[in-house]
>>> print(open('run-v4.txt').read())   # compact mmCIF, C-alpha atoms
# COMPACT_ATOMS: atom_id res chain seq x y z
CA MET A 1 -41.96 -9.03 43.90
CA MET A 2 -40.29 -9.51 40.58
CA ILE A 3 -41.40 -6.10 39.34
CA SER A 4 -40.24 -4.23 42.44
CA ASP A 5 -36.98 -6.11 42.19
CA THR A 6 -36.33 -4.98 38.66
CA LEU A 7 -37.48 -1.47 39.48
CA GLN A 8 -35.04 -1.27 42.30
CA LYS A 9 -32.30 -2.58 40.06
CA GLN A 10 -33.04 0.08 37.52
CA GLN A 11 -32.75 2.78 40.13
CA THR A 12 -29.26 2.08 41.37
CA VAL A 13 -26.67 0.48 39.23
CA GLN A 14 -23.34 -0.67 40.53
CA ILE A 15 -20.11 -2.28 39.56
CA SER A 16 -18.40 -4.42 42.14
CA ALA A 17 -15.06 -6.13 42.18
CA HIS A 18 -14.21 -9.22 44.18
CA ASN A 19 -10.76 -10.50 45.08
CA LEU A 20 -9.20 -8.32 42.45
CA GLN A 21 -5.53 -8.76 41.78
CA MET A 22 -3.51 -7.03 39.12
CA LYS A 23 0.00 -8.09 38.21
CA PHE A 24 2.38 -6.88 35.57
CA LYS A 25 4.84 -9.67 34.91
CA GLN A 26 5.88 -10.64 38.47
CA ASN A 27 5.08 -7.34 40.15
CA THR A 28 1.81 -7.06 41.99
CA LEU A 29 0.19 -3.70 41.41
CA PHE A 30 -2.63 -4.12 43.90
CA ASN A 31 -4.81 -6.62 45.71
CA VAL A 32 -8.38 -5.65 46.46
CA PRO A 33 -10.70 -8.00 48.35
CA GLU A 34 -13.88 -6.02 47.78
CA LEU A 35 -14.81 -2.79 46.02
CA THR A 36 -18.15 -1.31 45.03
CA PHE A 37 -18.81 1.69 42.84
CA LYS A 38 -22.46 2.59 42.60
CA GLN A 39 -24.68 5.29 41.26
CA GLY A 40 -24.70 8.38 43.47
CA ASP A 41 -21.22 7.76 44.84
CA VAL A 42 -18.68 10.50 44.40
CA ILE A 43 -15.32 8.98 45.10
CA TYR A 44 -11.91 10.55 45.26
CA LEU A 45 -9.27 8.08 44.10
CA GLN A 46 -5.86 8.93 45.43
CA GLY A 47 -2.56 7.28 44.74
CA ASP A 48 0.98 7.99 43.76
CA ASN A 49 2.14 7.93 40.18
CA GLY A 50 2.26 4.37 38.96
CA SER A 51 0.19 3.05 41.86
CA GLY A 52 -2.47 1.84 39.47
CA LYS A 53 -5.20 4.49 39.48
CA SER A 54 -5.71 4.34 35.73
CA THR A 55 -5.38 0.55 35.71
CA LEU A 56 -8.10 0.23 38.35
CA MET A 57 -10.38 2.51 36.35
CA LYS A 58 -9.73 0.60 33.16
CA ILE A 59 -10.51 -2.69 34.90
CA LEU A 60 -13.82 -1.29 36.14
CA ALA A 61 -14.56 -0.04 32.62
CA GLY A 62 -13.90 -3.47 31.16
CA LEU A 63 -10.98 -2.22 29.10
CA MET A 64 -8.46 -4.35 30.98
CA THR A 65 -8.73 -7.82 32.41
CA PRO A 66 -7.46 -8.27 35.95
CA THR A 67 -4.94 -11.02 36.62
CA GLN A 68 -7.36 -12.51 39.11
CA GLY A 69 -10.82 -11.84 40.47
CA GLN A 70 -13.98 -10.70 38.85
CA VAL A 71 -15.85 -7.52 38.14
CA ILE A 72 -19.63 -7.72 38.17
CA SER A 73 -22.13 -5.16 37.01
CA GLN A 74 -25.61 -5.02 38.44
CA GLY A 75 -28.76 -3.15 37.58
CA PHE A 76 -27.97 -2.15 34.01
CA ALA A 77 -30.57 -2.56 31.31
CA PRO A 78 -29.91 -5.84 29.53
CA LYS A 79 -28.34 -5.56 26.10
CA SER A 80 -29.89 -7.03 22.98
CA TRP A 81 -29.73 -10.82 22.77
CA TRP A 82 -27.10 -10.72 20.06
CA GLN A 83 -24.73 -8.48 21.95
CA PRO A 84 -22.28 -10.14 24.31
CA ASP A 85 -22.81 -9.06 27.89
CA ASN A 86 -19.69 -7.19 28.93
CA LEU A 87 -18.66 -4.20 30.95
CA PHE A 88 -18.18 -1.83 28.01
CA GLY A 89 -20.26 1.30 28.16
CA LYS A 90 -21.40 0.77 31.74
CA ALA A 91 -18.85 2.69 33.72
CA VAL A 92 -17.54 5.15 31.17
CA TYR A 93 -13.82 5.84 31.44
CA LEU A 94 -12.27 9.14 30.45
CA HIS A 95 -8.55 9.18 29.70
CA GLN A 96 -6.26 11.64 31.35
CA HIS A 97 -5.35 12.86 27.89
CA PRO A 98 -8.59 12.35 26.03
CA TYR A 99 -8.55 10.85 22.56
CA LEU A 100 -10.52 12.87 20.07
CA PHE A 101 -11.59 11.23 16.86
CA GLU A 102 -10.54 12.68 13.56
CA GLY A 103 -13.22 15.12 12.47
CA THR A 104 -15.10 18.12 13.79
CA VAL A 105 -15.94 18.92 17.37
CA LYS A 106 -19.55 18.13 16.55
CA TYR A 107 -18.68 14.68 15.23
CA ASN A 108 -16.85 13.92 18.45
CA LEU A 109 -19.63 15.30 20.61
CA THR A 110 -22.32 13.21 18.94
CA TYR A 111 -20.19 10.10 18.45
CA ALA A 112 -21.91 8.06 21.13
CA LEU A 113 -25.37 9.54 20.56
CA SER A 114 -26.10 7.74 17.33
CA GLN A 115 -26.24 4.36 18.99
CA LEU A 116 -28.82 5.48 21.56
CA LYS A 117 -32.44 5.07 20.65
CA ILE A 118 -33.75 8.46 21.64
CA PRO A 119 -36.10 10.84 19.83
CA VAL A 120 -34.57 13.57 17.68
CA SER A 121 -35.90 16.38 19.87
CA GLU A 122 -34.22 14.95 22.95
CA ARG A 123 -31.08 14.38 20.94
CA ASN A 124 -30.98 18.04 19.95
CA ASP A 125 -31.72 19.14 23.51
CA ARG A 126 -28.82 17.14 24.82
CA ILE A 127 -26.47 18.53 22.20
CA THR A 128 -27.46 22.11 23.01
CA GLN A 129 -27.08 21.49 26.73
CA ALA A 130 -23.72 19.82 26.35
CA VAL A 131 -22.45 22.62 24.13
CA ASN A 132 -23.57 25.25 26.63
CA MET A 133 -22.12 23.41 29.56
CA ALA A 134 -18.74 22.91 27.96
CA GLN A 135 -18.86 26.34 26.25
CA LEU A 136 -17.89 24.88 22.91
CA GLY A 137 -20.48 26.83 20.93
CA ASP A 138 -18.00 28.72 18.75
CA LEU A 139 -15.93 25.65 18.04
CA LEU A 140 -18.58 23.16 16.88
CA ASN A 141 -17.40 23.08 13.28
CA HIS A 142 -13.71 23.32 14.05
CA ASN A 143 -11.44 20.39 13.62
CA ALA A 144 -11.07 18.57 16.92
CA SER A 145 -7.31 18.38 16.51
CA ASP A 146 -7.09 22.19 16.68
CA LEU A 147 -8.41 22.38 20.25
CA SER A 148 -6.33 23.39 23.24
CA GLY A 149 -5.77 21.06 26.19
CA GLY A 150 -8.58 22.52 28.27
CA GLU A 151 -11.01 22.50 25.36
CA ARG A 152 -10.16 18.87 24.61
CA GLN A 153 -10.93 17.87 28.17
CA ARG A 154 -14.21 19.79 28.13
CA LEU A 155 -15.17 18.16 24.87
CA ALA A 156 -14.32 14.73 26.24
CA ILE A 157 -16.47 15.26 29.33
CA ALA A 158 -19.31 16.65 27.24
CA ARG A 159 -19.02 13.65 24.89
CA ALA A 160 -19.49 11.34 27.85
CA TRP A 161 -22.12 13.49 29.54
CA ILE A 162 -24.29 13.46 26.44
CA ILE A 163 -25.04 9.74 26.78
CA GLN A 164 -25.87 10.34 30.44
CA PRO A 165 -23.92 7.46 31.87
CA LYS A 166 -24.88 6.16 35.29
CA LEU A 167 -21.24 5.72 36.25
CA LEU A 168 -18.37 7.86 35.06
CA MET A 169 -14.67 7.65 35.83
CA LEU A 170 -12.44 10.64 35.21
CA ASP A 171 -8.71 10.22 35.21
CA GLU A 172 -7.00 13.42 36.39
CA PRO A 173 -9.68 15.62 34.85
CA ILE A 174 -8.22 18.98 35.83
CA SER A 175 -4.52 18.37 35.74
CA ASN A 176 -2.50 20.71 33.55
CA MET A 177 -5.30 23.15 33.02
CA ASP A 178 -5.66 26.86 33.37
CA LYS A 179 -8.00 28.34 35.98
CA GLN A 180 -10.80 29.12 33.54
CA SER A 181 -10.93 25.59 32.12
CA GLN A 182 -10.62 24.11 35.61
CA ARG A 183 -13.60 26.13 36.71
CA LEU A 184 -15.68 24.98 33.73
CA VAL A 185 -14.71 21.34 34.21
CA LEU A 186 -15.50 21.56 37.92
CA GLU A 187 -18.89 22.99 37.06
CA MET A 188 -19.51 20.13 34.64
CA ILE A 189 -18.48 17.57 37.24
CA ASN A 190 -20.70 19.25 39.77
CA GLN A 191 -23.57 19.09 37.30
CA LEU A 192 -22.94 15.36 36.84
CA LYS A 193 -23.01 14.96 40.62
CA GLN A 194 -26.34 16.80 40.81
CA ASP A 195 -27.70 14.44 38.16
CA GLY A 196 -26.86 11.52 40.43
CA THR A 197 -24.11 10.10 38.27
CA GLY A 198 -21.68 7.88 40.14
CA LEU A 199 -18.30 9.54 39.85
CA LEU A 200 -14.83 8.19 40.42
CA LEU A 201 -12.26 10.97 40.22
CA SER A 202 -8.56 10.51 40.36
CA SER A 203 -6.29 13.41 41.01
CA HIS A 204 -3.12 14.41 42.71
CA GLN A 205 -3.53 18.16 43.19
CA THR A 206 -7.24 18.95 43.70
CA CYS A 207 -8.72 21.39 46.01
CA GLY A 208 -12.06 22.05 44.40
CA LEU A 209 -12.29 18.49 43.16
CA THR A 210 -11.86 16.77 46.53
CA ALA A 211 -14.43 19.07 48.07
CA LEU A 212 -17.05 17.48 45.81
CA CYS A 213 -16.27 13.95 46.91
CA GLN A 214 -17.97 11.96 49.64
CA GLN A 215 -15.77 8.89 49.68
CA HIS A 216 -12.09 8.31 49.53
CA TRP A 217 -10.21 5.42 47.93
CA HIS A 218 -6.52 5.46 48.55
CA ILE A 219 -4.17 3.10 46.74
CA LYS A 220 -1.37 2.56 49.23
CA GLN A 221 0.99 -0.32 49.79
CA ARG A 222 -0.53 -2.37 46.99
CA THR A 223 -4.05 -2.30 48.33
CA ILE A 224 -6.95 0.10 48.30
CA HIS A 225 -8.10 1.70 51.54
CA THR A 226 -11.67 2.90 51.38
CA SER A 227 -13.15 5.38 53.79
CA MET A 228 -16.05 7.78 53.99
CA HIS A 229 -13.72 10.55 55.02
CA VAL A 230 -12.24 12.65 52.28
CA PRO A 231 -9.00 14.39 53.26
CA ALA A 232 -9.62 18.11 53.46
CA ALA A 233 -8.15 20.36 50.84
CA GLU A 234 -5.61 21.67 53.41
CA THR A 235 -3.78 18.35 53.63
CA VAL A 236 -3.32 18.32 49.93
CA HIS A 237 -2.29 21.93 50.08
CA GLN A 238 0.21 21.12 52.80
CA THR A 239 1.98 18.55 50.66
CA ASN A 240 2.11 21.07 47.87
CA THR A 241 3.83 23.63 50.07
CA THR A 242 6.30 21.04 51.31
CA GLU A 243 7.14 20.23 47.74
CA LEU A 244 7.54 23.93 47.07
CA HIS A 245 9.75 24.24 50.09
CA TYR A 246 11.98 21.44 48.86
CA GLY A 247 11.98 23.08 45.50
CA THR A 248 13.36 26.34 46.86
CA THR A 249 16.09 24.80 48.98
CA ASP A 250 17.51 22.95 46.00
CA MET B 1 -10.60 -6.82 -14.00
CA SER B 2 -7.82 -5.43 -11.85
CA PHE B 3 -10.53 -3.64 -9.91
CA ALA B 4 -12.40 -6.90 -9.41
CA ALA B 5 -9.26 -8.54 -8.06
CA LEU B 6 -8.63 -5.59 -5.77
CA LEU B 7 -12.22 -5.36 -4.56
CA ILE B 8 -12.42 -9.06 -3.74
CA THR B 9 -9.14 -8.93 -1.88
CA ILE B 10 -9.48 -5.68 0.08
CA ILE B 11 -11.90 -6.69 2.81
CA PRO B 12 -10.51 -10.12 3.73
CA SER B 13 -6.97 -8.74 3.62
CA ILE B 14 -7.77 -5.81 5.87
CA ILE B 15 -9.57 -8.15 8.27
CA LEU B 16 -6.52 -10.40 8.29
CA GLY B 17 -4.31 -7.38 8.89
CA PHE B 18 -6.57 -6.39 11.78
CA ILE B 19 -6.42 -9.87 13.30
CA LEU B 20 -2.65 -10.01 12.92
CA ALA B 21 -2.29 -6.64 14.61
CA PHE B 22 -4.56 -7.29 17.58
CA SER B 23 -4.60 -10.99 18.34
CA HIS B 24 -1.84 -12.68 20.22
CA PHE B 25 -1.21 -16.27 19.32
CA ARG B 26 1.86 -18.45 19.28
CA GLY B 27 3.96 -17.93 16.20
CA ARG B 28 2.33 -14.58 15.43
CA TRP B 29 5.65 -12.99 14.57
CA ILE B 30 6.42 -15.80 12.14
CA VAL B 31 3.14 -15.22 10.30
CA ILE B 32 3.74 -11.45 10.17
CA ASN B 33 7.28 -11.96 8.97
CA LEU B 34 6.12 -14.44 6.37
CA VAL B 35 3.46 -12.07 5.02
CA GLN B 36 5.99 -9.27 4.85
CA THR B 37 8.41 -11.52 3.01
CA LEU B 38 5.70 -12.59 0.59
CA GLN B 39 5.41 -8.97 -0.54
CA SER B 40 8.58 -9.41 -2.50
CA ILE B 41 7.66 -12.72 -4.15
CA PRO B 42 8.14 -12.22 -7.92
CA THR B 43 4.88 -12.06 -9.82
CA VAL B 44 6.19 -14.59 -12.31
CA VAL B 45 6.55 -17.11 -9.49
CA ILE B 46 2.97 -16.45 -8.42
CA GLY B 47 2.02 -16.94 -12.06
CA LEU B 48 3.79 -20.27 -12.09
CA LEU B 49 2.08 -21.29 -8.84
CA VAL B 50 -1.38 -20.35 -10.11
CA TYR B 51 -0.67 -22.02 -13.43
CA LEU B 52 0.27 -25.24 -11.65
CA LEU B 53 -2.84 -25.01 -9.50
CA LEU B 54 -5.16 -24.37 -12.42
CA THR B 55 -3.65 -26.68 -14.98
CA ARG B 56 -5.77 -29.69 -15.83
CA ASN B 57 -3.91 -31.98 -13.42
CA GLY B 58 -3.59 -29.31 -10.76
CA ALA B 59 -5.44 -29.07 -7.46
CA LEU B 60 -7.93 -26.58 -8.88
CA GLY B 61 -7.91 -28.03 -12.40
CA ASP B 62 -11.59 -28.90 -12.26
CA LEU B 63 -12.46 -25.22 -12.22
CA LYS B 64 -11.12 -24.88 -15.80
CA TRP B 65 -9.93 -21.38 -15.02
CA LEU B 66 -6.62 -21.55 -16.85
CA PHE B 67 -6.44 -19.00 -19.71
CA THR B 68 -9.59 -17.27 -18.43
CA GLN B 69 -10.15 -13.93 -16.76
CA LYS B 70 -11.14 -15.72 -13.55
CA GLY B 71 -7.73 -17.33 -13.43
CA MET B 72 -6.06 -13.98 -13.93
CA ILE B 73 -8.13 -12.46 -11.13
CA LEU B 74 -7.03 -15.28 -8.85
CA GLY B 75 -3.40 -14.57 -9.71
CA GLN B 76 -3.81 -10.84 -9.13
CA MET B 77 -5.49 -11.47 -5.81
CA LEU B 78 -2.51 -13.51 -4.70
CA ILE B 79 -0.24 -10.73 -5.89
CA CYS B 80 -1.88 -7.91 -3.98
CA ALA B 81 -2.98 -9.81 -0.85
CA PRO B 82 0.44 -9.88 0.90
CA VAL B 83 0.91 -6.15 0.30
CA LEU B 84 -2.55 -5.35 1.60
CA ILE B 85 -2.25 -7.62 4.64
CA ALA B 86 1.23 -6.46 5.60
CA LEU B 87 0.49 -2.76 5.17
CA SER B 88 -2.89 -2.88 6.92
CA GLN B 89 -1.33 -4.83 9.77
CA ALA B 90 1.28 -2.10 10.05
CA ALA B 91 -1.47 0.52 9.97
CA PHE B 92 -3.52 -1.17 12.68
CA SER B 93 -0.51 -1.63 14.95
CA SER B 94 0.24 2.06 14.69
CA VAL B 95 -3.16 3.09 16.03
CA ASP B 96 -3.53 4.86 19.34
CA ARG B 97 -4.90 2.40 21.92
CA ARG B 98 -7.09 5.15 23.30
CA ALA B 99 -9.08 5.30 20.07
CA TRP B 100 -10.30 1.76 20.63
CA GLU B 101 -10.78 2.27 24.37
CA THR B 102 -12.68 5.52 23.93
CA SER B 103 -14.96 4.00 21.35
CA ARG B 104 -15.75 0.92 23.43
CA THR B 105 -16.19 2.75 26.72
CA LEU B 106 -18.65 5.13 25.08
CA GLY B 107 -20.75 2.07 24.34
CA ALA B 108 -19.91 1.46 20.69
CA SER B 109 -20.38 -2.11 19.51
CA TRP B 110 -17.38 -4.15 18.40
CA LEU B 111 -18.20 -3.57 14.77
CA ARG B 112 -18.62 0.19 15.19
CA ALA B 113 -15.33 0.36 17.08
CA VAL B 114 -13.58 -1.46 14.22
CA TRP B 115 -15.16 0.95 11.77
CA THR B 116 -14.01 3.89 13.90
CA LEU B 117 -10.47 2.52 13.84
CA CYS B 118 -10.59 2.18 10.05
CA ARG B 119 -11.84 5.76 9.87
CA GLU B 120 -9.01 6.98 12.08
CA LEU B 121 -6.58 5.01 9.94
CA ARG B 122 -7.97 5.93 6.56
CA VAL B 123 -4.71 7.43 5.38
CA PRO B 124 -2.44 4.42 6.00
CA LEU B 125 -5.19 2.05 4.84
CA LEU B 126 -5.61 3.99 1.60
CA LEU B 127 -1.88 3.85 1.13
CA ALA B 128 -2.07 0.08 1.52
CA ILE B 129 -4.78 -0.07 -1.14
CA ILE B 130 -2.77 2.14 -3.49
CA ALA B 131 0.28 -0.06 -3.01
CA GLY B 132 -1.74 -3.22 -3.68
CA PHE B 133 -3.32 -1.70 -6.76
CA SER B 134 0.02 -0.52 -8.08
CA ARG B 135 1.43 -4.00 -7.74
CA ILE B 136 -1.43 -5.41 -9.80
CA LEU B 137 -1.14 -2.73 -12.49
CA THR B 138 2.57 -3.09 -12.90
CA GLU B 139 2.81 -6.85 -13.17
CA VAL B 140 2.90 -8.66 -16.46
CA GLY B 141 4.37 -12.07 -15.69
CA CYS B 142 1.43 -13.61 -13.91
CA SER B 143 -1.20 -12.28 -16.36
CA MET B 144 0.84 -13.55 -19.27
CA MET B 145 1.28 -17.04 -17.90
CA VAL B 146 -2.14 -17.63 -16.38
CA GLY B 147 -4.16 -15.64 -18.92
CA GLY B 148 -2.19 -16.63 -21.99
CA ASN B 149 -2.58 -13.19 -23.62
CA ILE B 150 -5.55 -14.29 -25.75
CA MET B 151 -6.87 -11.42 -27.81
CA ASP B 152 -10.14 -9.89 -26.56
CA VAL B 153 -10.29 -12.44 -23.74
CA THR B 154 -7.30 -12.34 -21.47
CA ARG B 155 -5.19 -9.64 -23.06
CA ASN B 156 -4.66 -6.63 -20.84
CA ILE B 157 -2.55 -3.56 -21.40
CA PRO B 158 0.68 -4.85 -19.82
CA THR B 159 0.57 -8.13 -21.76
CA ALA B 160 -0.31 -6.27 -24.97
CA ILE B 161 2.68 -3.96 -24.51
CA ALA B 162 4.95 -6.97 -24.01
CA LEU B 163 3.57 -8.56 -27.16
CA GLU B 164 3.82 -5.43 -29.33
CA THR B 165 7.39 -4.83 -28.15
CA SER B 166 8.47 -8.35 -29.01
CA LYS B 167 6.77 -7.96 -32.39
CA GLY B 168 8.81 -4.81 -32.95
CA ASP B 169 5.69 -2.62 -33.15
CA PHE B 170 7.09 0.04 -30.85
CA ALA B 171 4.60 2.75 -31.80
CA GLN B 172 1.69 0.62 -30.66
CA ALA B 173 3.61 -0.41 -27.53
CA ILE B 174 4.44 3.20 -26.64
CA ALA B 175 0.85 4.29 -27.20
CA LEU B 176 -0.43 1.51 -24.94
CA GLY B 177 2.29 2.29 -22.43
CA LEU B 178 1.15 5.90 -22.28
CA VAL B 179 -2.45 4.82 -21.79
CA LEU B 180 -1.46 2.54 -18.93
CA LEU B 181 0.75 5.22 -17.43
CA ILE B 182 -1.98 7.84 -17.51
CA LEU B 183 -4.54 5.38 -16.15
CA ALA B 184 -2.30 4.41 -13.28
CA LEU B 185 -1.35 7.98 -12.45
CA VAL B 186 -4.91 9.26 -12.60
CA LEU B 187 -6.27 6.43 -10.45
CA ASN B 188 -3.55 6.82 -7.85
CA PHE B 189 -4.04 10.56 -7.86
CA ILE B 190 -7.76 10.16 -7.23
CA LEU B 191 -7.13 7.65 -4.46
CA GLY B 192 -4.47 9.92 -3.06
CA SER B 193 -6.72 12.96 -3.00
CA LEU B 194 -9.25 10.97 -0.95
CA ARG B 195 -6.70 11.08 1.84
CA GLY B 196 -7.30 14.75 2.31
CA LYS B 197 -4.79 16.69 4.32
CA ALA B 198 -2.96 14.16 6.39
CA LEU B 199 -1.26 16.15 9.06
CA PRO B 200 0.68 14.76 11.98
CA ARG B 201 -1.28 14.87 15.22
CA SER B 202 0.04 15.90 18.56
CA HIS B 203 -2.45 13.93 20.65
>>> encode(input="run-v4.txt", output="structure tokens")
Amino acid sequence: MMISDTLQKQQTVQISAHNLQMKFKQNTLFNVPELTFKQGDVIYLQGDNGSGKSTLMKILAGLMTPTQGQVISQGFAPKSWWQPDNLFGKAVYLHQHPYLFEGTVKYNLTYALSQLKIPVSERNDRITQAVNMAQLGDLLNHNASDLSGGERQRLAIARAWIIQPKLLMLDEPISNMDKQSQRLVLEMINQLKQDGTGLLLSSHQTCGLTALCQQHWHIKQRTIHTSMHVPAAETVHQTNTTELHYGTTD
Amino acid sequence: MSFAALLITIIPSIILGFILAFSHFRGRWIVINLVQTLQSIPTVVIGLLVYLLLTRNGALGDLKWLFTQKGMILGQMLICAPVLIALSQAAFSSVDRRAWETSRTLGASWLRAVWTLCRELRVPLLLAIIAGFSRILTEVGCSMMVGGNIMDVTRNIPTAIALETSKGDFAQAIALGLVLLILALVLNFILGSLRGKALPRSH
């Protein structure tokens, strides 16, 4: 009983939030009674600018403390006895504008690898795979600060992919990117989905990105509406054309 | 000896700077302001303070450190600590929040994340160390008072220069002055070249 219990826990991990409330000064950003993000989920997080998409992600990543409520993780391997049990490193959060550490592309790519206890051969395999996936082969020894926007994003995703997180949150992963980089990033995200990683993607434009998602979280009127129905790419497209239309009449 | 003072002071000062930059407690701004003000406290006054502490009737009189190198190190530590704390606090508050968040979310331990921050901030932190070291090298008042300028024991180059000048032995004073100058310039140059190319970043 105990063994099957732990086995099951190891198979699916999840982070759930209960009675979450986030306030900045007196303004309530959102109230969420219940929210669960688990392995295998691919969720499209929608919301206007300033509605709290990034804040929600940061709360789930443990980088921000909500004003009220709690966030609980389940099914993760326990940390060493001397390490405090917290949310860090469970649901990995990727910034909209990724931060690259000072140093080479390779240093950034392998930053998180050194704290994993994995054999050298597997380590090298993962590096090769990540480099191929993100097509950063020619840039490995370049300084990370010399990369273009698209390359930075690819490197950031590869840096997270390499530790094979069970849950990954990407904040506007393909905004402000050219077609080629968008395609590569979409491929990487698709690969993560195939691997069974739980994904939470926020975006405002998305056509290809929404198509990957199976669930929809919408931050609207200070709460989060969850549904299993992802709005089709057309709806998003429609709003784009309306915006364009307004743009031309101005 | 100046190195010893610097080495002992660096780590606690940088930790204090880190705490001041990241913790939020009541009266934090007063502490920060106070540390920044202490940077300009004259070294002679610190000398007086340490002298009073170490003198036989002083609070630390039992240590019998007055007119010893240990006493001088204590004085020099007090001289460079405010500079180190204030400048490292400034360095840590200038860091990009995302550096910390990225490190932690990728699963780095608290200690590794702190180390990563120090690595990201190596230029401003090195500048803090250079400033602290310069303040030690350039002071004469505290060493003179606490050390007593005893030959072969507590005489250092600045106190020797002061002595030779007052004796009228300018040649000796100039020679020593040149030695100190070259020493200071070379050390700061070496420290400075450790910075590497420090270019502004766009992201």
>>> closest_residue(input="run-v4.txt", among="B:Val95, B:Leu20, B:Leu87, B:Met151", to="Gln39 (chain B)", atoms="only C-alpha atoms")
B:Leu87
>>> interface_residues(input="run-v4.txt", of="chain A", to="chain B", cutoff="8 Å", atoms="only C-alpha atoms", output="JSON, numbers by chain")
{"A": [61, 62, 63, 88, 89, 90, 91, 92, 93, 94, 95, 97, 98, 99, 100, 101, 102, 112, 115, 145, 160]}
>>> atom_distance(input="run-v4.txt", atom1="CA of Ala4 (chain B)", atom2="CA of Ser134 (chain B)")
14.0 Å
>>> residues_around(input="run-v4.txt", residues="region 19-25 of chain A", least_positions_apart="6", cutoff="6 Å", atoms="all atoms listed in the file", output="number ranges by chain")
A: 31-33, 66-69
>>> residues_around(input="run-v4.txt", residues="region 178-195 of chain B", least_positions_apart="6", cutoff="12 Å", atoms="all atoms listed in the file", output="PyMOL selection string")
chain B and resi 2-3+119-139+156-161+170-172
>>> residues_around(input="run-v4.txt", residues="region 201-203 of chain A", least_positions_apart="2", cutoff="7 Å", atoms="all atoms listed in the file", output="compact mmCIF listing (two decimals) with C-alpha atoms, in the coordinates of the input")
# COMPACT_ATOMS: atom_id res chain seq x y z
CA ILE A 43 -15.32 8.98 45.10
CA TYR A 44 -11.91 10.55 45.26
CA LEU A 45 -9.27 8.08 44.10
CA GLN A 46 -5.86 8.93 45.43
CA LYS A 53 -5.20 4.49 39.48
CA MET A 169 -14.67 7.65 35.83
CA LEU A 170 -12.44 10.64 35.21
CA ASP A 171 -8.71 10.22 35.21
CA GLU A 172 -7.00 13.42 36.39
CA LEU A 199 -18.30 9.54 39.85
CA GLN A 205 -3.53 18.16 43.19
CA THR A 206 -7.24 18.95 43.70
>>> residues_around(input="run-v4.txt", residues="Ala5 (chain B)", least_positions_apart="3", cutoff="7 Å", atoms="only C-alpha atoms", output="PyMOL selection string")
chain B and resi 1-2+8-9+73+76-77
>>> residues_around(input="run-v4.txt", residues="Ile127 (chain A)", least_positions_apart="3", cutoff="9 Å", atoms="all atoms listed in the file", output="list of chain:residue names")
A:Lys106, A:Leu109, A:Thr110, A:Glu122, A:Arg123, A:Asn124, A:Ala130, A:Val131, A:Asn132, A:Ala158, A:Ile162
>>> atom_distance(input="run-v4.txt", atom1="CA of Lys70 (chain B)", atom2="CA of Leu176 (chain B)")
23.3 Å
>>> atom_distance(input="run-v4.txt", atom1="CA of Gly148 (chain B)", atom2="CA of Asp169 (chain B)")
19.6 Å
>>> closest_residue(input="run-v4.txt", among="A:Asp125, A:Gln70, A:Leu155, A:Phe37", to="Tyr107 (chain A)", atoms="all atoms listed in the file")
A:Leu155
>>> closest_residue(input="run-v4.txt", among="A:Leu147, A:Ile163, A:Val13, A:Val71", to="Arg126 (chain A)", atoms="only C-alpha atoms")
A:Ile163
>>> build_atoms(input="run-v4.txt", residues="region 96-105 of chain B", atoms="N, CA and C atoms", output="JSON list (two decimals), keeping the file's coordinate frame")
[["chain", "number", "residue", "atom", "x", "y", "z"],
["B", 96, "ASP", "N", -3.55, 4.49, 17.94],
["B", 96, "ASP", "CA", -3.53, 4.86, 19.34],
["B", 96, "ASP", "C", -4.53, 3.97, 20.09],
["B", 97, "ARG", "N", -4.04, 3.28, 21.12],
["B", 97, "ARG", "CA", -4.90, 2.40, 21.92],
["B", 97, "ARG", "C", -6.14, 3.12, 22.41],
["B", 98, "ARG", "N", -5.98, 4.40, 22.71],
["B", 98, "ARG", "CA", -7.09, 5.15, 23.30],
["B", 98, "ARG", "C", -8.26, 5.28, 22.33],
["B", 99, "ALA", "N", -7.98, 5.20, 21.03],
["B", 99, "ALA", "CA", -9.08, 5.30, 20.07],
["B", 99, "ALA", "C", -10.05, 4.15, 20.29],
["B", 100, "TRP", "N", -9.49, 2.94, 20.40],
["B", 100, "TRP", "CA", -10.30, 1.76, 20.63],
["B", 100, "TRP", "C", -10.99, 1.85, 22.00],
["B", 101, "GLU", "N", -10.22, 2.23, 23.02],
["B", 101, "GLU", "CA", -10.78, 2.27, 24.37],
["B", 101, "GLU", "C", -11.89, 3.30, 24.47],
["B", 102, "THR", "N", -11.66, 4.48, 23.87],
["B", 102, "THR", "CA", -12.68, 5.52, 23.93],
["B", 102, "THR", "C", -13.96, 5.05, 23.25],
["B", 103, "SER", "N", -13.79, 4.44, 22.09],
["B", 103, "SER", "CA", -14.96, 4.00, 21.35],
["B", 103, "SER", "C", -15.75, 2.96, 22.16],
["B", 104, "ARG", "N", -15.05, 1.98, 22.70],
["B", 104, "ARG", "CA", -15.75, 0.92, 23.43],
["B", 104, "ARG", "C", -16.37, 1.44, 24.72],
["B", 105, "THR", "N", -15.65, 2.31, 25.44],
["B", 105, "THR", "CA", -16.19, 2.75, 26.72],
["B", 105, "THR", "C", -17.39, 3.67, 26.52]]
